[in-house]
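Text of the file start.cif, holding mmCIF, C-alpha atoms:
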data_run
#
loop_
_atom_site.label_atom_id
_atom_site.label_comp_id
_atom_site.auth_asym_id
_atom_site.auth_seq_id
_atom_site.Cartn_x
_atom_site.Cartn_y
_atom_site.Cartn_z
CA MET N 1 28.05 -93.78 14.32
CA LYS N 2 31.44 -95.45 14.23
CA VAL N 3 32.81 -93.05 16.84
CA PHE N 4 29.89 -93.83 19.10
CA LYS N 5 30.54 -97.56 18.76
CA PHE N 6 34.20 -96.97 19.55
CA TYR N 7 33.35 -95.09 22.76
CA GLY N 8 30.86 -97.82 23.62
CA PHE N 9 33.74 -100.27 23.51
CA LEU N 10 35.99 -98.07 25.64
CA ILE N 11 33.59 -97.80 28.56
CA LYS N 12 32.67 -101.50 28.51
CA LEU N 13 31.57 -102.52 32.00
CA MET N 14 32.87 -105.66 33.69
CA LYS N 15 31.27 -107.77 36.38
CA TYR N 16 32.80 -107.71 39.84
CA ALA N 17 31.45 -109.35 42.97
CA VAL N 18 32.02 -107.55 46.26
CA LYS N 19 31.53 -109.20 49.61
CA ILE N 20 30.23 -107.01 52.44
CA GLU N 21 30.40 -108.66 55.85
CA VAL N 22 28.28 -107.06 58.57
CA CYS N 23 28.61 -108.07 62.24
CA LEU N 24 27.26 -106.57 65.44
CA LYS N 25 29.77 -104.59 67.48
CA SER N 26 30.74 -106.24 70.74
CA GLY N 27 28.44 -105.21 73.57
CA TYR N 28 25.28 -105.57 71.48
CA SER N 29 23.02 -108.47 72.37
CA ASN N 30 23.41 -111.31 69.87
CA PRO N 31 20.77 -113.95 70.78
CA GLU N 32 21.31 -116.10 67.69
CA GLY N 33 25.03 -116.30 68.47
CA GLU N 34 24.35 -117.17 72.10
CA THR N 35 21.94 -119.97 71.14
CA THR N 36 24.41 -121.32 68.59
CA ALA N 37 27.23 -121.25 71.18
CA HIS N 38 24.98 -123.07 73.66
CA LEU N 39 24.09 -125.80 71.13
CA LEU N 40 27.72 -126.28 70.08
CA LYS N 41 28.75 -126.64 73.75
CA GLU N 42 26.03 -129.28 74.19
CA LEU N 43 27.53 -131.15 71.24
CA GLY N 44 30.84 -131.21 73.13
CA TYR N 45 32.82 -128.41 71.47
CA GLN N 46 35.02 -126.03 73.49
CA VAL N 47 33.29 -122.91 72.21
CA GLU N 48 33.87 -119.59 73.96
CA LYS N 49 31.51 -117.40 71.94
CA VAL N 50 29.76 -117.15 68.59
CA ASN N 51 28.98 -113.97 66.69
CA VAL N 52 26.44 -114.27 63.88
CA GLY N 53 26.49 -111.71 61.10
CA LYS N 54 25.37 -111.25 57.52
CA VAL N 55 27.33 -111.40 54.32
CA TYR N 56 26.08 -109.65 51.17
CA THR N 57 27.65 -110.80 47.91
CA VAL N 58 26.81 -108.05 45.44
CA THR N 59 27.51 -108.50 41.71
CA LEU N 60 28.12 -105.11 40.12
CA ASN N 61 28.44 -103.97 36.49
CA ILE N 62 31.38 -101.65 36.93
CA SER N 63 34.66 -100.74 35.27
CA SER N 64 37.34 -101.68 37.83
CA PRO N 65 37.88 -103.50 41.17
CA ALA N 66 38.88 -100.21 42.85
CA GLU N 67 35.64 -98.59 41.76
CA ALA N 68 33.69 -101.68 42.87
CA LYS N 69 35.19 -101.31 46.35
CA ALA N 70 34.36 -97.59 46.51
CA VAL N 71 30.77 -98.23 45.39
CA ALA N 72 30.42 -101.05 47.95
CA GLU N 73 31.63 -98.68 50.68
CA GLU N 74 28.98 -96.14 49.62
CA MET N 75 26.22 -98.80 49.41
CA SER N 76 27.12 -100.01 52.89
CA LYS N 77 26.83 -96.54 54.36
CA ARG N 78 23.59 -95.74 52.54
CA LEU N 79 21.70 -99.01 53.00
CA LEU N 80 23.37 -102.14 54.34
CA VAL N 81 25.14 -101.08 57.53
CA ASN N 82 24.00 -99.34 60.68
CA PRO N 83 27.18 -97.50 61.76
CA ILE N 84 25.94 -97.23 65.36
CA LYS N 85 25.86 -100.96 66.00
CA ASP N 86 27.58 -102.73 63.08
CA ASN N 87 31.17 -103.43 62.10
CA TYR N 88 31.72 -104.19 58.43
CA THR N 89 34.44 -105.30 56.04
CA ILE N 90 34.48 -105.11 52.25
CA SER N 91 36.42 -107.32 49.86
CA VAL N 92 36.34 -107.62 46.06
CA VAL N 93 35.96 -111.28 45.10
CA GLU N 94 36.44 -111.43 41.32
CA MET A 1 52.82 -132.53 91.13
CA LYS A 2 55.56 -130.88 89.08
CA VAL A 3 55.10 -133.39 86.26
CA PHE A 4 51.39 -132.68 86.26
CA LYS A 5 52.04 -128.97 86.05
CA PHE A 6 54.49 -129.60 83.22
CA TYR A 7 51.89 -131.56 81.24
CA GLY A 8 49.36 -128.87 82.00
CA PHE A 9 51.66 -126.42 80.29
CA LEU A 10 52.19 -128.70 77.29
CA ILE A 11 48.51 -129.09 76.45
CA LYS A 12 47.72 -125.43 77.04
CA LEU A 13 44.78 -124.43 74.85
CA MET A 14 44.85 -121.31 72.71
CA LYS A 15 42.01 -119.22 71.39
CA TYR A 16 41.34 -119.28 67.67
CA ALA A 17 38.46 -117.64 65.85
CA VAL A 18 37.10 -119.45 62.80
CA LYS A 19 34.81 -117.82 60.30
CA ILE A 20 32.15 -120.01 58.70
CA GLU A 21 30.38 -118.36 55.78
CA VAL A 22 27.10 -119.97 54.72
CA CYS A 23 25.33 -118.96 51.48
CA LEU A 24 22.40 -120.46 49.58
CA LYS A 25 23.37 -122.44 46.50
CA SER A 26 22.32 -120.79 43.24
CA GLY A 27 18.84 -121.83 42.17
CA TYR A 28 17.39 -121.47 45.67
CA SER A 29 15.03 -118.57 46.21
CA ASN A 30 16.73 -115.72 48.06
CA PRO A 31 14.04 -113.09 48.79
CA GLU A 32 16.22 -110.94 51.05
CA GLY A 33 18.87 -110.74 48.33
CA GLU A 34 16.26 -109.87 45.70
CA THR A 35 14.81 -107.09 47.86
CA THR A 36 18.29 -105.71 48.58
CA ALA A 37 19.17 -105.78 44.86
CA HIS A 38 15.93 -103.97 44.06
CA LEU A 39 16.59 -101.26 46.66
CA LEU A 40 20.19 -100.76 45.50
CA LYS A 41 18.99 -100.39 41.89
CA GLU A 42 16.47 -97.76 43.04
CA LEU A 43 19.35 -95.88 44.67
CA GLY A 44 21.02 -95.81 41.23
CA TYR A 45 23.62 -98.61 41.52
CA GLN A 46 24.30 -100.97 38.59
CA VAL A 47 23.61 -104.10 40.61
CA GLU A 48 23.11 -107.42 38.84
CA LYS A 49 22.29 -109.62 41.82
CA VAL A 50 22.72 -109.87 45.58
CA ASN A 51 23.16 -113.06 47.59
CA VAL A 52 22.61 -112.76 51.34
CA GLY A 53 24.21 -115.33 53.61
CA LYS A 54 25.28 -115.81 57.21
CA VAL A 55 28.69 -115.63 58.76
CA TYR A 56 29.42 -117.39 62.07
CA THR A 57 32.54 -116.22 63.89
CA VAL A 58 33.24 -118.98 66.41
CA THR A 59 35.89 -118.51 69.10
CA LEU A 60 37.31 -121.91 70.08
CA ASN A 61 39.61 -123.02 72.89
CA ILE A 62 41.80 -125.35 70.88
CA SER A 63 45.47 -126.23 70.41
CA SER A 64 46.23 -125.29 66.79
CA PRO A 65 44.81 -123.49 63.74
CA ALA A 66 44.71 -126.78 61.79
CA GLU A 67 42.63 -128.40 64.50
CA ALA A 68 40.38 -125.32 64.68
CA LYS A 69 39.69 -125.69 60.96
CA ALA A 70 38.92 -129.41 61.29
CA VAL A 71 36.56 -128.77 64.22
CA ALA A 72 34.83 -125.96 62.31
CA GLU A 73 34.31 -128.34 59.38
CA GLU A 74 32.73 -130.88 61.74
CA MET A 75 30.54 -128.24 63.47
CA SER A 76 29.33 -127.01 60.08
CA LYS A 77 28.28 -130.47 59.01
CA ARG A 78 26.63 -131.30 62.33
CA LEU A 79 24.80 -128.03 63.02
CA LEU A 80 25.42 -124.91 60.97
CA VAL A 81 25.10 -125.97 57.34
CA ASN A 82 22.39 -127.72 55.35
CA PRO A 83 24.43 -129.54 52.68
CA ILE A 84 21.40 -129.81 50.38
CA LYS A 85 20.95 -126.09 49.92
CA ASP A 86 24.00 -124.32 51.36
CA ASN A 87 27.52 -123.60 50.16
CA TYR A 88 30.04 -122.84 52.89
CA THR A 89 33.62 -121.72 53.35
CA ILE A 90 35.77 -121.90 56.47
CA SER A 91 38.73 -119.69 57.36
CA VAL A 92 40.78 -119.36 60.55
CA VAL A 93 41.00 -115.71 61.54
CA GLU A 94 43.52 -115.56 64.41
#

Show how you would write the structure in this file as structure tokens.
Amino acid sequence: MKVFKFYGFLIKLMKYAVKIEVCLKSGYSNPEGETTAHLLKELGYQVEKVNVGKVYTVTLNISSPAEAKAVAEEMSKRLLVNPIKDNYTISVVE
Amino acid sequence: MKVFKFYGFLIKLMKYAVKIEVCLKSGYSNPEGETTAHLLKELGYQVEKVNVGKVYTVTLNISSPAEAKAVAEEMSKRLLVNPIKDNYTISVVE
């Protein structure tokens, strides 16, 4: 019983937030970005282009930042990112 | 003519990309995040929560990174961010 408790302490999981930023590759039509660029130009800003993407902030129960990054990479490939048309970057926040 | 050309050189505009990340403040309903969290849990990941936001990468013709940041701040307040329900961060990329 005591040994079990001890092991329970050893594998205590921490919380880490990973940020996964997903943007369309250049060449893909990005209507929301084009509209935003158009509106910003109308407001008088010297905008050349706007790319609109998504950012997923995922809070994970996991043992280390390195593992959090590896898991985020795997999650991106399995669910969040379409490798044909998306670029993505991963960063561990806390 | 030469003077004019000289001034033209002095106020030459550079390209800077600013990244504006917009996320819902906590407390606001975030159905896309909840669905993503649910799907990731079904795939076997120890996910606590997911927040889904937008990231605008705006390429500006402007003279300095400091000015690019100030303009991005102004653009956010005027068009891209709803201060009631959004948190946002700005960073100059290049």

Taking only C-alpha atoms into account, find every residue of chain A that has an atom no more than 9 Å from chain N, and write it out as a CSV table (one decimal) with C-alpha atoms, in the coordinates of the input.
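Dumped to selection_24.csv:
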chain,number,residue,atom,x,y,z
A,15,LYS,CA,42.0,-119.2,71.4
A,21,GLU,CA,30.4,-118.4,55.8
A,22,VAL,CA,27.1,-120.0,54.7
A,23,CYS,CA,25.3,-119.0,51.5
A,33,GLY,CA,18.9,-110.7,48.3
A,36,THR,CA,18.3,-105.7,48.6
A,37,ALA,CA,19.2,-105.8,44.9
A,39,LEU,CA,16.6,-101.3,46.7
A,40,LEU,CA,20.2,-100.8,45.5
A,43,LEU,CA,19.4,-95.9,44.7
A,45,TYR,CA,23.6,-98.6,41.5
A,46,GLN,CA,24.3,-101.0,38.6
A,47,VAL,CA,23.6,-104.1,40.6
A,48,GLU,CA,23.1,-107.4,38.8
A,49,LYS,CA,22.3,-109.6,41.8
A,50,VAL,CA,22.7,-109.9,45.6
A,51,ASN,CA,23.2,-113.1,47.6
A,52,VAL,CA,22.6,-112.8,51.3
A,53,GLY,CA,24.2,-115.3,53.6
A,54,LYS,CA,25.3,-115.8,57.2
A,55,VAL,CA,28.7,-115.6,58.8
A,56,TYR,CA,29.4,-117.4,62.1
A,57,THR,CA,32.5,-116.2,63.9
A,58,VAL,CA,33.2,-119.0,66.4
A,59,THR,CA,35.9,-118.5,69.1
A,60,LEU,CA,37.3,-121.9,70.1
A,61,ASN,CA,39.6,-123.0,72.9
A,62,ILE,CA,41.8,-125.4,70.9
A,71,VAL,CA,36.6,-128.8,64.2
A,75,MET,CA,30.5,-128.2,63.5
A,78,ARG,CA,26.6,-131.3,62.3
A,79,LEU,CA,24.8,-128.0,63.0
A,80,LEU,CA,25.4,-124.9,61.0

Name the closest residue to Ser29 in chain A among the candidates A:Glu73, A:Ser64, A:Asp86, A:Val92; distances are taken between atoms, counting all atoms listed in the file.
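Nearest to Ser29 in chain A: A:Asp86.
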
Between CA of Tyr88 in chain A and CA of Met14 in chain A, measure the distance and give it in Å to one decimal.
24.8 Å

Could you state the separation of CA of Leu24 in chain N and CA of Thr89 in chain N in Å, given to one decimal place?
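Atom-to-atom, CA of Leu24 in chain N to CA of Thr89 in chain N, that is 11.9 Å.
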
d(CA of Ser26 in chain N, CA of Glu34 in chain A) in Å:
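These two atoms are separated by 29.2 Å.
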
As AutoDock Vina command-line options: centre and edge lengths in Å, one decimal, of the axis-aligned box holding range 40-50 of chain A with 6 Å per side:
--center_x 20.4 --center_y -102.8 --center_z 42.1 --size_x 19.8 --size_y 26.1 --size_z 19.0
